[in-house]
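Shown next, in structure tokens, is the structure this report addresses.
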Amino acid sequence: MEQYKGAPFGELSPHVFAVADASYRAMMNDGQSQSILVSGESGAGKTETTKLIMQYLTYVGGRAAGDERTVEQQVLESNPLLEAFGNARTVRNDNSSRFGKFVEIQFDASGRISGAAIRTYLLERSRVVQITDPERNYHCFYQLCASGKDAEKYKLGHPSHFHYLNQSKVYELDGVSNAEEYMKTRTAMDIVGISHEDQEAIFRTLAAILHLGNIEFSPGKEHDSSVLKGQKSSFHMQMAANLFMCDMNLLLATLCTRTIQTREGIIIKALDCNAAVSSRDALAKTVYARLFDWLVDKINTTVGQDLNSQIQIGVLDIYGFECFKDNRIKFPSNSPMFFD
Ligand SMILES: Nc1ncnc2c1ncn2[C@@H]1O[C@H](COP(=O)(O)OP(=O)(O)OP(=O)(O)O)[C@@H](O)[C@H]1O
Ligand SMILES: [Mg+2]
């Protein structure tokens with residue numbers, strides 16, 4: 001970083017620091033905001049490059065060390081946090097971003113970082129409920145399962161016990177400890193400024209999603225209706241309701257019936273088992289996506305924007321393109337098609 005600081009562009013060998021330095025200089029010299037688009041296919045190194053760019057901008061635009069919880073530290077720590085909830089193992093990449101991210105780093109007139117804003121796009125919602133071997137669901141689920149005491153508190157166990165995780169037999173990543181990653185995610189939450197109460201609520205919601213996924217249905221007495229299948233499903237239903245802090249019967253009714261508003265009034269229609277599974281999955285995806293958006297909002301609120309800032313550098317980390325032989329998700333032939 002020292003080498004590239006202030007060196008004319010093209011003088012040293014090509015490096016991401018050279019690009020970051022050029023954009024910082026251009027911003028300072030011309031007083032104009034800049035943006036850097038990091039592109040490439042999945043696994044090419046976009047997310048790592050984005051982090052290096054942010055580190056470099058923190059290096060040239062950071063405040064004196066010693067200041068606790070500085071904006072730049074919070075911006076850097078938002079990376080592991082967002083990766084825990086928005087990255088997953090794919091065939092191409094053990095830490096593949098499943099969302100797009102645009103980070104705006106704001107500077108004051110003297111070139112010091114004064115605020116930041118993170119925008120995210122298009123989180124892959126379907127992954128929450130459907131994964132294929134050898135991919136994984138979002139990292140945070142495996143981290144929570146490996147968290148020891150916290151996992152016990154929410155009656156979680158090995159990921160193989162949960163439908164949303166055991167559709168693929170890969171639970172571990174090479175060279176990564178889920179338990180250690182859990183601690184890192186917690187630390188990142190502390191630094192970013194998420195209260196312990198909110199942290200608790202976040203993991204409680206994740207646990208609820210895992211229990212929700214284990215609820216199965218069997219045909220009810222009435223035509224095309226469904227009921228909970230056995231004791232195991234009742235247990236998971238109770239757990240999900242407790243963790244969501246809602247009434248169990250209301251939750252069950254939400255999954256097994258559909259309310260239709262007509263001109264004559266409200267009609268409540270029973271759902272068959274397949275449709276009940278679809279509404280269970282729809283709920284899991286929606287709750288997860290809202291949790292993710294909430295997390296991003298929370299980071300933005302605590303990091304804070306500098307409304308007086310006139311200049312900024314935006315860094316865009318898209319999620320990479322993947323080419324498949326068969327580019328679609330397979331649905332069971334008897335299920336209605338659902339699009340996210
Ligand atoms: N500069 C680097 N130094 C060392 N390893 C790297 C570097 N860049 C990438 N890698 C390795 O490649 C892996 C994939 O990189 P990264 O996650 O940045 O890809 P990506 O382009 O963001 O992919 P996706 O589109 O799937 O999110 C990293 O986990 C890391 O192991
Ligand atoms: Mg990435």
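Identifiers in the structure tokens: chain A, B, ... in order shown; residue index from 1 per chain; ligand index from 1 in order shown.
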Write out as a ChimeraX atom specification the set of residues from region 18-266 of chain A that DSSP, computed on the backbone, places in alpha helix (DSSP H). /A:18-30,46-61,71-86,139-145,149-153,163-166,178-192,196-213,230-244,248-256
Under the rule of at most 6 Å, produce a per-residue listing of chain A near ligand 1: chain, number, name, the closest pair of atoms, and the distance in Å, as a Markdown table, using only C-alpha atoms and all ligand atoms.
| residue | atom | partner | partner_atom_place_in_ligand_line | distance |
| --- | --- | --- | --- | --- |
| A:Glu41 | CA | ligand 1 | 25 (O) | 5.8 |
| A:Ser42 | CA | ligand 1 | 25 (O) | 3.4 |
| A:Gly43 | CA | ligand 1 | 23 (O) | 3.6 |
| A:Ala44 | CA | ligand 1 | 21 (O) | 4.0 |
| A:Gly45 | CA | ligand 1 | 18 (O) | 3.1 |
| A:Lys46 | CA | ligand 1 | 21 (O) | 3.6 |
| A:Thr47 | CA | ligand 1 | 18 (O) | 3.6 |
| A:Glu48 | CA | ligand 1 | 18 (O) | 3.9 |
| A:Asn93 | CA | ligand 1 | 26 (O) | 5.4 |
| A:Asn95 | CA | ligand 1 | 17 (O) | 5.2 |
| A:Ser96 | CA | ligand 1 | 26 (O) | 3.5 |
| A:Ser97 | CA | ligand 1 | 27 (O) | 3.6 |
| A:Tyr319 | CA | ligand 1 | 25 (O) | 4.1 |
| A:Gly320 | CA | ligand 1 | 25 (O) | 3.3 |
Include N, CA, C and O atoms and write out the residues we just selected as a PDB file, in the first residue's frame.
ATOM      1  N   GLU A  41     -16.073 -13.615 -13.707  1.00  0.00           N
ATOM      2  CA  GLU A  41     -16.988 -14.733 -13.456  1.00  0.00           C
ATOM      3  C   GLU A  41     -16.900 -15.207 -12.012  1.00  0.00           C
ATOM      4  O   GLU A  41     -16.025 -14.750 -11.260  1.00  0.00           O
ATOM      5  N   SER A  42     -17.789 -16.088 -11.634  1.00  0.00           N
ATOM      6  CA  SER A  42     -17.829 -16.563 -10.256  1.00  0.00           C
ATOM      7  C   SER A  42     -16.501 -17.215  -9.867  1.00  0.00           C
ATOM      8  O   SER A  42     -15.975 -18.053 -10.598  1.00  0.00           O
ATOM      9  N   GLY A  43     -15.938 -16.798  -8.752  1.00  0.00           N
ATOM     10  CA  GLY A  43     -14.684 -17.358  -8.267  1.00  0.00           C
ATOM     11  C   GLY A  43     -13.457 -16.606  -8.769  1.00  0.00           C
ATOM     12  O   GLY A  43     -12.328 -16.920  -8.413  1.00  0.00           O
ATOM     13  N   ALA A  44     -13.668 -15.577  -9.598  1.00  0.00           N
ATOM     14  CA  ALA A  44     -12.540 -14.842 -10.181  1.00  0.00           C
ATOM     15  C   ALA A  44     -11.795 -14.022  -9.126  1.00  0.00           C
ATOM     16  O   ALA A  44     -10.603 -13.741  -9.278  1.00  0.00           O
ATOM     17  N   GLY A  45     -12.481 -13.629  -8.067  1.00  0.00           N
ATOM     18  CA  GLY A  45     -11.827 -12.856  -7.009  1.00  0.00           C
ATOM     19  C   GLY A  45     -12.399 -11.466  -6.805  1.00  0.00           C
ATOM     20  O   GLY A  45     -11.736 -10.591  -6.252  1.00  0.00           O
ATOM     21  N   LYS A  46     -13.644 -11.250  -7.228  1.00  0.00           N
ATOM     22  CA  LYS A  46     -14.257  -9.916  -7.111  1.00  0.00           C
ATOM     23  C   LYS A  46     -14.397  -9.470  -5.656  1.00  0.00           C
ATOM     24  O   LYS A  46     -14.027  -8.358  -5.302  1.00  0.00           O
ATOM     25  N   THR A  47     -14.925 -10.360  -4.833  1.00  0.00           N
ATOM     26  CA  THR A  47     -15.185  -9.973  -3.440  1.00  0.00           C
ATOM     27  C   THR A  47     -13.881  -9.699  -2.703  1.00  0.00           C
ATOM     28  O   THR A  47     -13.771  -8.723  -1.954  1.00  0.00           O
ATOM     29  N   GLU A  48     -12.857 -10.532  -2.960  1.00  0.00           N
ATOM     30  CA  GLU A  48     -11.556 -10.317  -2.313  1.00  0.00           C
ATOM     31  C   GLU A  48     -10.964  -8.991  -2.798  1.00  0.00           C
ATOM     32  O   GLU A  48     -10.391  -8.226  -2.017  1.00  0.00           O
ATOM     33  N   ASN A  93     -17.139 -21.806  -6.062  1.00  0.00           N
ATOM     34  CA  ASN A  93     -16.497 -20.952  -5.078  1.00  0.00           C
ATOM     35  C   ASN A  93     -17.046 -21.275  -3.690  1.00  0.00           C
ATOM     36  O   ASN A  93     -18.252 -21.267  -3.484  1.00  0.00           O
ATOM     37  N   ASN A  95     -16.930 -19.498  -1.188  1.00  0.00           N
ATOM     38  CA  ASN A  95     -17.465 -18.291  -0.549  1.00  0.00           C
ATOM     39  C   ASN A  95     -18.104 -17.394  -1.611  1.00  0.00           C
ATOM     40  O   ASN A  95     -17.728 -16.246  -1.789  1.00  0.00           O
ATOM     41  N   SER A  96     -19.084 -17.957  -2.300  1.00  0.00           N
ATOM     42  CA  SER A  96     -19.667 -17.244  -3.433  1.00  0.00           C
ATOM     43  C   SER A  96     -20.714 -16.234  -2.963  1.00  0.00           C
ATOM     44  O   SER A  96     -21.594 -16.566  -2.175  1.00  0.00           O
ATOM     45  N   SER A  97     -20.595 -15.000  -3.457  1.00  0.00           N
ATOM     46  CA  SER A  97     -21.586 -13.973  -3.109  1.00  0.00           C
ATOM     47  C   SER A  97     -22.894 -14.316  -3.799  1.00  0.00           C
ATOM     48  O   SER A  97     -22.912 -14.507  -5.012  1.00  0.00           O
ATOM     49  N   TYR A 319     -22.445 -10.272  -8.290  1.00  0.00           N
ATOM     50  CA  TYR A 319     -22.148 -11.691  -8.187  1.00  0.00           C
ATOM     51  C   TYR A 319     -21.954 -12.277  -9.565  1.00  0.00           C
ATOM     52  O   TYR A 319     -22.607 -11.897 -10.511  1.00  0.00           O
ATOM     53  N   GLY A 320     -20.960 -13.166  -9.595  1.00  0.00           N
ATOM     54  CA  GLY A 320     -20.394 -13.557 -10.875  1.00  0.00           C
ATOM     55  C   GLY A 320     -21.310 -14.433 -11.696  1.00  0.00           C
ATOM     56  O   GLY A 320     -22.227 -15.064 -11.193  1.00  0.00           O
TER      57      GLY A 320
END
Just want the 10 Å neighbourhood of region 21-27 of chain A, counted on only C-alpha atoms, with same-chain residues fewer than 3 positions away dropped. Output as a PyMOL selection string. chain A and resi 1+4-10+15-18+30-36+53+56-57+60-61+107+111+311-314
Got a sec: who's within 12 Å of region 249-255 of chain A, counting only C-alpha atoms, leaving out chain neighbours fewer than 3 positions off, as number ranges by chain? A: 212-213, 215-217, 225-229, 233-234, 236-246, 258-259, 268-284
Kindly save the residues from that selection, with N, CA and C atoms included, as a CSV table (one decimal), in the first residue's frame.
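For reference, again-v6.csv as written:
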chain,number,residue,atom,x,y,z
A,212,LEU,N,-38.7,-24.4,11.0
A,212,LEU,CA,-39.8,-24.3,10.0
A,212,LEU,C,-39.6,-25.3,8.9
A,213,GLY,N,-38.4,-25.4,8.4
A,213,GLY,CA,-38.1,-26.3,7.3
A,213,GLY,C,-38.3,-27.8,7.6
A,215,ILE,N,-40.9,-29.0,9.2
A,215,ILE,CA,-42.3,-29.3,9.3
A,215,ILE,C,-42.8,-30.0,8.1
A,216,GLU,N,-43.4,-31.1,8.3
A,216,GLU,CA,-44.0,-31.9,7.2
A,216,GLU,C,-45.5,-32.0,7.3
A,217,PHE,N,-46.1,-32.3,6.2
A,217,PHE,CA,-47.6,-32.4,6.3
A,217,PHE,C,-48.1,-33.7,5.7
A,225,SER,N,-56.9,-31.1,1.9
A,225,SER,CA,-56.5,-30.4,3.1
A,225,SER,C,-55.2,-31.0,3.7
A,226,SER,N,-54.6,-30.4,4.6
A,226,SER,CA,-53.3,-30.9,5.1
A,226,SER,C,-53.3,-30.7,6.7
A,227,VAL,N,-52.6,-31.6,7.3
A,227,VAL,CA,-52.4,-31.5,8.8
A,227,VAL,C,-50.9,-31.7,9.1
A,228,LEU,N,-50.5,-31.5,10.3
A,228,LEU,CA,-49.1,-31.7,10.6
A,228,LEU,C,-48.8,-33.2,10.6
A,229,LYS,N,-47.6,-33.6,10.1
A,229,LYS,CA,-47.3,-35.0,10.0
A,229,LYS,C,-46.5,-35.5,11.2
A,233,SER,N,-43.0,-33.3,13.5
A,233,SER,CA,-43.4,-32.0,12.9
A,233,SER,C,-44.1,-31.1,13.9
A,234,SER,N,-44.8,-31.7,14.8
A,234,SER,CA,-45.5,-30.9,15.9
A,234,SER,C,-44.4,-30.2,16.7
A,236,HIS,N,-41.3,-29.4,15.8
A,236,HIS,CA,-40.7,-28.3,15.0
A,236,HIS,C,-41.6,-27.1,14.9
A,237,MET,N,-42.9,-27.4,14.7
A,237,MET,CA,-43.9,-26.3,14.6
A,237,MET,C,-43.9,-25.5,15.9
A,238,GLN,N,-43.9,-26.2,17.0
A,238,GLN,CA,-43.9,-25.5,18.3
A,238,GLN,C,-42.7,-24.7,18.4
A,239,MET,N,-41.5,-25.3,18.1
A,239,MET,CA,-40.2,-24.5,18.2
A,239,MET,C,-40.3,-23.3,17.3
A,240,ALA,N,-40.7,-23.5,16.0
A,240,ALA,CA,-40.7,-22.3,15.1
A,240,ALA,C,-41.6,-21.2,15.6
A,241,ALA,N,-42.8,-21.6,16.1
A,241,ALA,CA,-43.7,-20.6,16.7
A,241,ALA,C,-43.1,-19.9,17.9
A,242,ASN,N,-42.5,-20.7,18.8
A,242,ASN,CA,-41.9,-20.1,20.0
A,242,ASN,C,-40.8,-19.1,19.5
A,243,LEU,N,-40.0,-19.5,18.6
A,243,LEU,CA,-38.8,-18.6,18.2
A,243,LEU,C,-39.3,-17.4,17.4
A,244,PHE,N,-40.3,-17.6,16.6
A,244,PHE,CA,-40.9,-16.4,15.9
A,244,PHE,C,-41.7,-15.6,16.8
A,245,MET,N,-42.0,-16.1,18.0
A,245,MET,CA,-42.8,-15.4,19.0
A,245,MET,C,-44.2,-15.2,18.5
A,246,CYS,N,-44.8,-16.2,17.9
A,246,CYS,CA,-46.2,-16.1,17.4
A,246,CYS,C,-47.0,-17.3,17.9
A,258,ARG,N,-55.4,-21.0,2.7
A,258,ARG,CA,-55.2,-19.7,1.9
A,258,ARG,C,-56.5,-18.9,2.1
A,259,THR,N,-56.3,-17.6,2.3
A,259,THR,CA,-57.4,-16.7,2.5
A,259,THR,C,-57.6,-15.9,1.2
A,268,ILE,N,-61.9,-19.0,3.1
A,268,ILE,CA,-60.7,-19.7,3.5
A,268,ILE,C,-60.7,-21.0,2.9
A,269,LYS,N,-59.6,-21.3,2.1
A,269,LYS,CA,-59.5,-22.5,1.4
A,269,LYS,C,-58.4,-23.4,2.0
A,270,ALA,N,-58.7,-24.7,2.1
A,270,ALA,CA,-57.7,-25.6,2.6
A,270,ALA,C,-56.6,-25.8,1.6
A,271,LEU,N,-55.4,-26.1,2.0
A,271,LEU,CA,-54.3,-26.4,1.0
A,271,LEU,C,-53.9,-27.8,1.1
A,272,ASP,N,-53.6,-28.4,0.0
A,272,ASP,CA,-53.1,-29.8,0.1
A,272,ASP,C,-51.6,-29.8,0.6
A,273,CYS,N,-51.0,-31.0,0.8
A,273,CYS,CA,-49.7,-31.1,1.4
A,273,CYS,C,-48.6,-30.3,0.5
A,274,ASN,N,-48.7,-30.5,-0.8
A,274,ASN,CA,-47.7,-29.8,-1.6
A,274,ASN,C,-47.8,-28.3,-1.5
A,275,ALA,N,-49.0,-27.8,-1.5
A,275,ALA,CA,-49.2,-26.4,-1.4
A,275,ALA,C,-48.8,-25.9,0.0
A,276,ALA,N,-49.0,-26.7,1.0
A,276,ALA,CA,-48.6,-26.3,2.4
A,276,ALA,C,-47.1,-26.2,2.5
A,277,VAL,N,-46.4,-27.1,1.8
A,277,VAL,CA,-44.9,-27.1,1.8
A,277,VAL,C,-44.5,-25.8,1.0
A,278,SER,N,-45.2,-25.5,0.0
A,278,SER,CA,-44.8,-24.3,-0.8
A,278,SER,C,-45.0,-23.1,0.1
A,279,SER,N,-46.1,-23.0,0.9
A,279,SER,CA,-46.2,-21.8,1.7
A,279,SER,C,-45.2,-21.8,2.8
A,280,ARG,N,-44.9,-23.0,3.3
A,280,ARG,CA,-43.8,-23.0,4.4
A,280,ARG,C,-42.5,-22.4,3.8
A,281,ASP,N,-42.1,-22.9,2.6
A,281,ASP,CA,-40.9,-22.4,2.0
A,281,ASP,C,-41.0,-20.9,1.6
A,282,ALA,N,-42.1,-20.5,1.2
A,282,ALA,CA,-42.3,-19.1,0.8
A,282,ALA,C,-42.1,-18.2,2.1
A,283,LEU,N,-42.6,-18.7,3.2
A,283,LEU,CA,-42.4,-17.9,4.5
A,283,LEU,C,-40.9,-17.9,4.9
A,284,ALA,N,-40.3,-19.1,4.8
A,284,ALA,CA,-38.8,-19.1,5.1
A,284,ALA,C,-38.0,-18.2,4.3
Enter the distance from CA of Phe321 (chain A) to CA of Gly40 (chain A), in Å, rounded to one decimal. 7.5 Å
Measuring atom to atom with only C-alpha atoms and all ligand atoms, identify which of A:Leu165, A:Ile267, A:Ile318, A:Ile118 is nearest to ligand 2.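 That would be A:Ile318, the residue with the smallest distance to ligand 2.
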Distance criterion (only C-alpha atoms and all ligand atoms): nearest to ligand 2 out of A:His161, A:His196, A:Lys184, A:Lys51: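 Result for the nearest residue to ligand 2: A:Lys51.
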Nearest-residue call for ligand 2, choices A:Ala208, A:Leu316, A:Cys323, A:Met54, using only C-alpha atoms and all ligand atoms: A:Leu316
Please identify the strand (DSSP E or B) residues within region 99-309 of chain A (assignment by DSSP from backbone atoms) and present them as number ranges by chain. A: 100-107, 113-121, 138, 173, 176, 217-219, 226-228, 257-262, 265-270
Contacts of Leu81 (chain A) within 12 Å, only C-alpha atoms, excl. fewer than 5 positions in-chain, as a PyMOL selection string: chain A and resi 74-76+86-87+138-140+143+181-194+199+292+295-296+298-299
Save out the residues we just selected, C-alpha atoms, as a compact mmCIF listing (two decimals), in the first residue's frame.
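Below is the file result28.txt, written as the result:
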# COMPACT_ATOMS: atom_id res chain seq x y z
CA GLN A 74 -17.13 -0.54 10.67
CA VAL A 75 -17.17 -0.51 6.90
CA LEU A 76 -14.46 -3.17 6.75
CA GLY A 86 -25.21 -13.57 1.86
CA ASN A 87 -22.45 -15.95 0.77
CA TYR A 138 -25.85 -19.57 3.60
CA HIS A 139 -22.82 -19.79 5.94
CA CYS A 140 -24.70 -18.36 8.95
CA GLN A 143 -22.15 -21.27 12.03
CA GLU A 181 -16.62 -18.32 12.01
CA TYR A 182 -19.58 -17.97 14.36
CA MET A 183 -17.38 -16.10 16.82
CA LYS A 184 -16.08 -13.89 14.02
CA THR A 185 -19.61 -13.06 12.92
CA ARG A 186 -20.48 -12.14 16.51
CA THR A 187 -17.40 -9.93 16.79
CA ALA A 188 -18.26 -8.23 13.50
CA MET A 189 -21.75 -7.56 14.85
CA ASP A 190 -20.23 -5.97 17.97
CA ILE A 191 -17.95 -3.74 15.93
CA VAL A 192 -20.66 -2.74 13.50
CA GLY A 193 -22.76 -1.77 16.51
CA ILE A 194 -25.53 -4.36 16.66
CA GLN A 199 -27.94 -10.30 17.83
CA PHE A 292 -30.91 -9.72 5.32
CA LEU A 295 -29.16 -6.31 8.65
CA VAL A 296 -28.04 -4.04 5.81
CA LYS A 298 -28.84 -1.73 10.60
CA ILE A 299 -25.26 -1.51 9.32
Hey, what's within 9 Å of Asn137 (chain A) if we count only C-alpha atoms and toss same-chain stuff fewer than 4 positions away? As a ChimeraX atom specification, please? /A:87-89,127-131,141-142,164-165,168
Using only C-alpha atoms, which of the listed residues (A:Asp133, A:Glu172, A:Asp108, A:Asp297) sits closest to Gln310 (chain A)? A:Asp108
